[in-house]
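One file, structure33.cif, carrying mmCIF, N, CA and C atoms and all ligand atoms:
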data_target
#
loop_
_atom_site.label_atom_id
_atom_site.label_comp_id
_atom_site.auth_asym_id
_atom_site.auth_seq_id
_atom_site.Cartn_x
_atom_site.Cartn_y
_atom_site.Cartn_z
N MET F 584 217.53 107.89 113.85
CA MET F 584 218.72 108.03 112.99
C MET F 584 218.55 107.29 111.69
N ASP F 585 218.96 107.94 110.66
CA ASP F 585 218.91 107.30 109.35
C ASP F 585 220.18 106.48 109.15
N ASP F 586 220.03 105.22 109.03
CA ASP F 586 221.23 104.38 108.90
C ASP F 586 221.82 104.39 107.49
N GLY F 587 221.09 104.99 106.55
CA GLY F 587 221.62 105.13 105.19
C GLY F 587 221.71 103.83 104.41
N VAL F 588 221.33 102.75 105.02
CA VAL F 588 221.39 101.48 104.29
C VAL F 588 220.03 101.20 103.67
N SER F 589 220.01 101.22 102.38
CA SER F 589 218.75 100.95 101.71
C SER F 589 218.82 99.58 101.02
N THR F 590 217.69 99.04 100.79
CA THR F 590 217.66 97.78 100.06
C THR F 590 218.05 98.03 98.61
N THR F 591 218.78 97.15 98.05
CA THR F 591 219.21 97.31 96.67
C THR F 591 218.01 97.18 95.74
N VAL F 592 217.83 98.20 94.95
CA VAL F 592 216.74 98.16 93.99
C VAL F 592 217.23 97.48 92.71
N VAL F 593 216.61 96.41 92.39
CA VAL F 593 216.97 95.71 91.16
C VAL F 593 216.11 96.26 90.03
N GLU F 594 216.76 96.98 89.15
CA GLU F 594 216.01 97.55 88.03
C GLU F 594 215.63 96.45 87.05
N PRO F 595 214.42 96.49 86.57
CA PRO F 595 214.03 95.53 85.55
C PRO F 595 214.58 95.96 84.20
N VAL F 596 215.84 95.68 83.99
CA VAL F 596 216.49 96.14 82.76
C VAL F 596 216.23 95.15 81.65
N GLN F 597 215.30 95.49 80.82
CA GLN F 597 214.97 94.59 79.72
C GLN F 597 215.94 94.75 78.57
N LEU F 598 216.22 93.66 77.94
CA LEU F 598 217.02 93.72 76.73
C LEU F 598 216.12 94.18 75.59
N THR F 599 216.73 94.94 74.68
CA THR F 599 215.96 95.47 73.56
C THR F 599 216.53 94.96 72.25
N ALA F 600 215.90 95.34 71.16
CA ALA F 600 216.34 94.90 69.84
C ALA F 600 217.73 95.40 69.50
N SER F 601 218.19 96.45 70.20
CA SER F 601 219.52 96.98 69.91
C SER F 601 220.61 96.25 70.69
N ASP F 602 220.21 95.36 71.58
CA ASP F 602 221.19 94.55 72.28
C ASP F 602 221.51 93.32 71.44
N ARG F 603 222.79 93.19 71.14
CA ARG F 603 223.20 92.15 70.21
C ARG F 603 224.14 91.15 70.84
N CYS F 604 224.02 89.92 70.42
CA CYS F 604 224.88 88.84 70.90
C CYS F 604 226.34 89.17 70.61
N ASP F 605 227.21 89.04 71.61
CA ASP F 605 228.63 89.31 71.42
C ASP F 605 229.30 88.26 70.53
N ALA F 606 228.67 87.14 70.38
CA ALA F 606 229.28 86.07 69.60
C ALA F 606 228.88 86.11 68.13
N CYS F 607 227.62 86.45 67.84
CA CYS F 607 227.17 86.34 66.45
C CYS F 607 226.39 87.56 65.96
N GLY F 608 226.04 88.48 66.84
CA GLY F 608 225.35 89.69 66.41
C GLY F 608 223.84 89.55 66.29
N ALA F 609 223.32 88.39 66.62
CA ALA F 609 221.87 88.23 66.63
C ALA F 609 221.29 88.96 67.84
N ARG F 610 220.01 89.11 67.87
CA ARG F 610 219.40 89.79 69.00
C ARG F 610 219.70 89.02 70.30
N ALA F 611 220.11 89.80 71.31
CA ALA F 611 220.50 89.18 72.58
C ALA F 611 219.29 88.96 73.47
N TYR F 612 219.28 87.82 74.13
CA TYR F 612 218.21 87.52 75.08
C TYR F 612 218.74 87.24 76.47
N VAL F 613 220.06 87.20 76.58
CA VAL F 613 220.66 86.94 77.89
C VAL F 613 221.80 87.91 78.11
N ARG F 614 221.83 88.53 79.29
CA ARG F 614 222.97 89.36 79.65
C ARG F 614 223.65 88.75 80.86
N VAL F 615 224.94 88.56 80.75
CA VAL F 615 225.73 87.99 81.84
C VAL F 615 226.62 89.08 82.38
N GLU F 616 226.44 89.41 83.63
CA GLU F 616 227.27 90.45 84.24
C GLU F 616 228.42 89.81 85.00
N LEU F 617 229.61 90.15 84.54
CA LEU F 617 230.83 89.62 85.14
C LEU F 617 231.57 90.75 85.84
N GLU F 618 232.60 90.40 86.61
CA GLU F 618 233.43 91.41 87.26
C GLU F 618 233.97 92.39 86.23
N SER F 619 234.33 91.88 85.07
CA SER F 619 235.01 92.67 84.05
C SER F 619 234.05 93.42 83.14
N GLY F 620 232.76 93.19 83.29
CA GLY F 620 231.79 93.84 82.40
C GLY F 620 230.68 92.87 82.08
N SER F 621 229.86 93.23 81.12
CA SER F 621 228.77 92.33 80.81
C SER F 621 228.85 91.81 79.38
N LEU F 622 228.31 90.63 79.21
CA LEU F 622 228.29 89.99 77.92
C LEU F 622 226.84 89.77 77.52
N LEU F 623 226.61 89.85 76.22
CA LEU F 623 225.27 89.61 75.70
C LEU F 623 225.29 88.37 74.83
N PHE F 624 224.25 87.59 74.94
CA PHE F 624 224.17 86.38 74.13
C PHE F 624 222.77 86.20 73.57
N CYS F 625 222.71 85.68 72.36
CA CYS F 625 221.44 85.24 71.82
C CYS F 625 221.06 83.93 72.51
N GLY F 626 219.91 83.43 72.25
CA GLY F 626 219.48 82.20 72.88
C GLY F 626 220.44 81.05 72.60
N HIS F 627 220.88 80.98 71.35
CA HIS F 627 221.78 79.91 70.94
C HIS F 627 223.10 79.95 71.71
N HIS F 628 223.72 81.12 71.75
CA HIS F 628 225.01 81.21 72.43
C HIS F 628 224.87 81.21 73.95
N ALA F 629 223.75 81.65 74.44
CA ALA F 629 223.52 81.52 75.88
C ALA F 629 223.54 80.05 76.26
N ASN F 630 222.88 79.25 75.45
CA ASN F 630 222.88 77.81 75.72
C ASN F 630 224.30 77.26 75.72
N GLN F 631 225.12 77.79 74.83
CA GLN F 631 226.50 77.30 74.72
C GLN F 631 227.39 77.76 75.86
N HIS F 632 227.25 79.03 76.26
CA HIS F 632 228.24 79.63 77.16
C HIS F 632 227.78 79.79 78.60
N LEU F 633 226.48 79.80 78.80
CA LEU F 633 225.98 80.15 80.13
C LEU F 633 226.45 79.17 81.20
N GLU F 634 226.52 77.93 80.82
CA GLU F 634 226.86 76.91 81.81
C GLU F 634 228.21 77.18 82.46
N LYS F 635 229.20 77.61 81.63
CA LYS F 635 230.51 77.84 82.23
C LYS F 635 230.68 79.26 82.75
N LEU F 636 229.86 80.19 82.25
CA LEU F 636 229.97 81.56 82.73
C LEU F 636 229.17 81.80 84.01
N ALA F 637 228.07 81.12 84.14
CA ALA F 637 227.16 81.38 85.26
C ALA F 637 227.83 81.30 86.64
N PRO F 638 228.71 80.34 86.87
CA PRO F 638 229.32 80.26 88.22
C PRO F 638 230.16 81.49 88.59
N THR F 639 230.71 82.19 87.58
CA THR F 639 231.53 83.36 87.88
C THR F 639 230.77 84.66 87.67
N ALA F 640 229.56 84.57 87.16
CA ALA F 640 228.79 85.78 86.88
C ALA F 640 228.22 86.38 88.16
N LYS F 641 228.18 87.71 88.18
CA LYS F 641 227.57 88.39 89.31
C LYS F 641 226.06 88.31 89.19
N HIS F 642 225.62 88.38 87.96
CA HIS F 642 224.18 88.33 87.72
C HIS F 642 223.91 87.84 86.30
N VAL F 643 222.90 87.06 86.16
CA VAL F 643 222.50 86.62 84.82
C VAL F 643 221.07 87.06 84.58
N HIS F 644 220.90 87.84 83.53
CA HIS F 644 219.57 88.31 83.17
C HIS F 644 219.12 87.49 81.96
N ASP F 645 218.14 86.69 82.16
CA ASP F 645 217.76 85.71 81.15
C ASP F 645 216.35 85.98 80.64
N GLU F 646 216.28 86.31 79.36
CA GLU F 646 214.96 86.55 78.75
C GLU F 646 214.67 85.52 77.67
N ARG F 647 215.25 84.38 77.82
CA ARG F 647 215.07 83.38 76.76
C ARG F 647 213.63 82.90 76.64
N HIS F 648 212.85 83.13 77.72
CA HIS F 648 211.44 82.75 77.62
C HIS F 648 210.74 83.54 76.51
N ARG F 649 211.32 84.75 76.21
CA ARG F 649 210.70 85.57 75.17
C ARG F 649 210.95 85.01 73.77
N LEU F 650 211.93 84.16 73.64
CA LEU F 650 212.21 83.56 72.35
C LEU F 650 211.01 82.76 71.86
N THR F 651 210.35 82.09 72.78
CA THR F 651 209.23 81.28 72.39
C THR F 651 207.97 82.13 72.19
N GLU F 652 207.91 83.24 72.95
CA GLU F 652 206.76 84.13 72.82
C GLU F 652 206.82 84.92 71.52
N GLU F 653 208.06 85.27 71.13
CA GLU F 653 208.26 86.04 69.90
C GLU F 653 208.88 85.16 68.85
N SER F 654 208.19 84.15 68.48
CA SER F 654 208.80 83.16 67.59
C SER F 654 208.83 83.61 66.13
N ALA F 655 208.38 84.83 65.85
CA ALA F 655 208.45 85.35 64.49
C ALA F 655 209.90 85.64 64.09
N SER F 656 210.14 85.62 62.81
CA SER F 656 211.45 85.90 62.22
C SER F 656 212.57 85.07 62.75
ZN ZN F 701 224.83 84.42 69.24
#
Rewrite the structure of this file - the entire thing - as structure tokens.
Amino acid sequence: MDDGVSTTVVEPVQLTASDRCDACGARAYVRVELESGSLLFCGHHANQHLEKLAPTAKHVHDERHRLTEESAS
């Protein structure tokens, strides 16, 4: 019998250059998924807001490591 329960596939959803920080419009490197929707933050605002948002977030997608790899501009 097929129990129909599959493991949740976590898509590697990368942030792109078109994803913009909700606070300042800079390129987003962090996405915070909340019950009400998701928020995007640049590295700067992620540092500011993540601490208080993280406990209520369903998922936090953090690509801030790329900030150091792509240190141009
Ligand atoms: Zn920002």
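Atom pair atom N of F:Gln597 / atom CA of F:Thr639: separated by 21.5 Å.
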Atom CA of F:Val613 to atom CA of F:Glu634: how many Å, to one decimal? 12.4 Å
At a cut-off of 7 Å around ligand ZN 701 (chain F), and using only C-alpha atoms and all ligand atoms, what residues come up? Please write them as a ChimeraX atom specification. /F:604-609,624-628
So how many Å separate atom N of F:Glu616 and atom CA of F:His642, to one decimal? 4.8 Å
Selection near F:Leu633, 10 Å with only C-alpha atoms, sequence-local residues under 2 positions removed, as a VMD selection string: chain F and resid 613 to 615 624 626 628 to 631 635 to 638 640 643 645
Can you list every residue in stretch 589-643 of chain F that DSSP puts in alpha helix (DSSP H), as a compact mmCIF listing (two decimals) with N, CA and C atoms, in the coordinates of the input?
# COMPACT_ATOMS: atom_id res chain seq x y z
N GLY F 626 219.91 83.43 72.25
CA GLY F 626 219.48 82.20 72.88
C GLY F 626 220.44 81.05 72.60
N HIS F 627 220.88 80.98 71.35
CA HIS F 627 221.78 79.91 70.94
C HIS F 627 223.10 79.95 71.71
N HIS F 628 223.72 81.12 71.75
CA HIS F 628 225.01 81.21 72.43
C HIS F 628 224.87 81.21 73.95
N ALA F 629 223.75 81.65 74.44
CA ALA F 629 223.52 81.52 75.88
C ALA F 629 223.54 80.05 76.26
N ASN F 630 222.88 79.25 75.45
CA ASN F 630 222.88 77.81 75.72
C ASN F 630 224.30 77.26 75.72
N GLN F 631 225.12 77.79 74.83
CA GLN F 631 226.50 77.30 74.72
C GLN F 631 227.39 77.76 75.86
N HIS F 632 227.25 79.03 76.26
CA HIS F 632 228.24 79.63 77.16
C HIS F 632 227.78 79.79 78.60
N LEU F 633 226.48 79.80 78.80
CA LEU F 633 225.98 80.15 80.13
C LEU F 633 226.45 79.17 81.20
N GLU F 634 226.52 77.93 80.82
CA GLU F 634 226.86 76.91 81.81
C GLU F 634 228.21 77.18 82.46
N LYS F 635 229.20 77.61 81.63
CA LYS F 635 230.51 77.84 82.23
C LYS F 635 230.68 79.26 82.75
N LEU F 636 229.86 80.19 82.25
CA LEU F 636 229.97 81.56 82.73
C LEU F 636 229.17 81.80 84.01
From the list F:Glu646, F:Lys641, F:His632, F:Val596, which residue is nearest F:Tyr612 when using all atoms listed in the file?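 Once distances to F:Tyr612 are computed over all atoms listed in the file, the minimum belongs to F:Glu646.
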Which of F:His644, F:Leu623, F:Glu618, F:Leu650 sits closest to F:Asp602 [using all atoms listed in the file]: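 For F:Asp602, the nearest of the given residues is F:Leu623.
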Listed atoms of stretch 622-628 of chain F boxed along x, y and z, 3 Å each side, centre and edge lengths in Å, one decimal, as AutoDock Vina command-line options:
--center_x 223.9 --center_y 85.3 --center_z 75.1 --size_x 14.8 --size_y 16.7 --size_z 14.3
For the structure I just gave you, how does DSSP split stretch 604-644 of chain F - specifically, which residues are strand (DSSP E or B)? Reply as a PDB file with N, CA and C atoms, keeping the file's coordinate frame.
ATOM      1  N   ARG F 610     220.010  89.110  67.870  1.00  0.00           N
ATOM      2  CA  ARG F 610     219.400  89.790  69.000  1.00  0.00           C
ATOM      3  C   ARG F 610     219.700  89.020  70.300  1.00  0.00           C
ATOM      4  N   VAL F 613     220.060  87.200  76.580  1.00  0.00           N
ATOM      5  CA  VAL F 613     220.660  86.940  77.890  1.00  0.00           C
ATOM      6  C   VAL F 613     221.800  87.910  78.110  1.00  0.00           C
ATOM      7  N   ARG F 614     221.830  88.530  79.290  1.00  0.00           N
ATOM      8  CA  ARG F 614     222.970  89.360  79.650  1.00  0.00           C
ATOM      9  C   ARG F 614     223.650  88.750  80.860  1.00  0.00           C
ATOM     10  N   VAL F 615     224.940  88.560  80.750  1.00  0.00           N
ATOM     11  CA  VAL F 615     225.730  87.990  81.840  1.00  0.00           C
ATOM     12  C   VAL F 615     226.620  89.080  82.380  1.00  0.00           C
ATOM     13  N   GLU F 616     226.440  89.410  83.630  1.00  0.00           N
ATOM     14  CA  GLU F 616     227.270  90.450  84.240  1.00  0.00           C
ATOM     15  C   GLU F 616     228.420  89.810  85.000  1.00  0.00           C
ATOM     16  N   LEU F 617     229.610  90.150  84.540  1.00  0.00           N
ATOM     17  CA  LEU F 617     230.830  89.620  85.140  1.00  0.00           C
ATOM     18  C   LEU F 617     231.570  90.750  85.840  1.00  0.00           C
ATOM     19  N   GLY F 620     232.760  93.190  83.290  1.00  0.00           N
ATOM     20  CA  GLY F 620     231.790  93.840  82.400  1.00  0.00           C
ATOM     21  C   GLY F 620     230.680  92.870  82.080  1.00  0.00           C
ATOM     22  N   SER F 621     229.860  93.230  81.120  1.00  0.00           N
ATOM     23  CA  SER F 621     228.770  92.330  80.810  1.00  0.00           C
ATOM     24  C   SER F 621     228.850  91.810  79.380  1.00  0.00           C
ATOM     25  N   LEU F 622     228.310  90.630  79.210  1.00  0.00           N
ATOM     26  CA  LEU F 622     228.290  89.990  77.920  1.00  0.00           C
ATOM     27  C   LEU F 622     226.840  89.770  77.520  1.00  0.00           C
ATOM     28  N   LEU F 623     226.610  89.850  76.220  1.00  0.00           N
ATOM     29  CA  LEU F 623     225.270  89.610  75.700  1.00  0.00           C
ATOM     30  C   LEU F 623     225.290  88.370  74.830  1.00  0.00           C
ATOM     31  N   PHE F 624     224.250  87.590  74.940  1.00  0.00           N
ATOM     32  CA  PHE F 624     224.170  86.380  74.130  1.00  0.00           C
ATOM     33  C   PHE F 624     222.770  86.200  73.570  1.00  0.00           C
ATOM     34  N   HIS F 642     225.620  88.380  87.960  1.00  0.00           N
ATOM     35  CA  HIS F 642     224.180  88.330  87.720  1.00  0.00           C
ATOM     36  C   HIS F 642     223.910  87.840  86.300  1.00  0.00           C
ATOM     37  N   VAL F 643     222.900  87.060  86.160  1.00  0.00           N
ATOM     38  CA  VAL F 643     222.500  86.620  84.820  1.00  0.00           C
ATOM     39  C   VAL F 643     221.070  87.060  84.580  1.00  0.00           C
ATOM     40  N   HIS F 644     220.900  87.840  83.530  1.00  0.00           N
ATOM     41  CA  HIS F 644     219.570  88.310  83.170  1.00  0.00           C
ATOM     42  C   HIS F 644     219.120  87.490  81.960  1.00  0.00           C
TER      43      HIS F 644
END
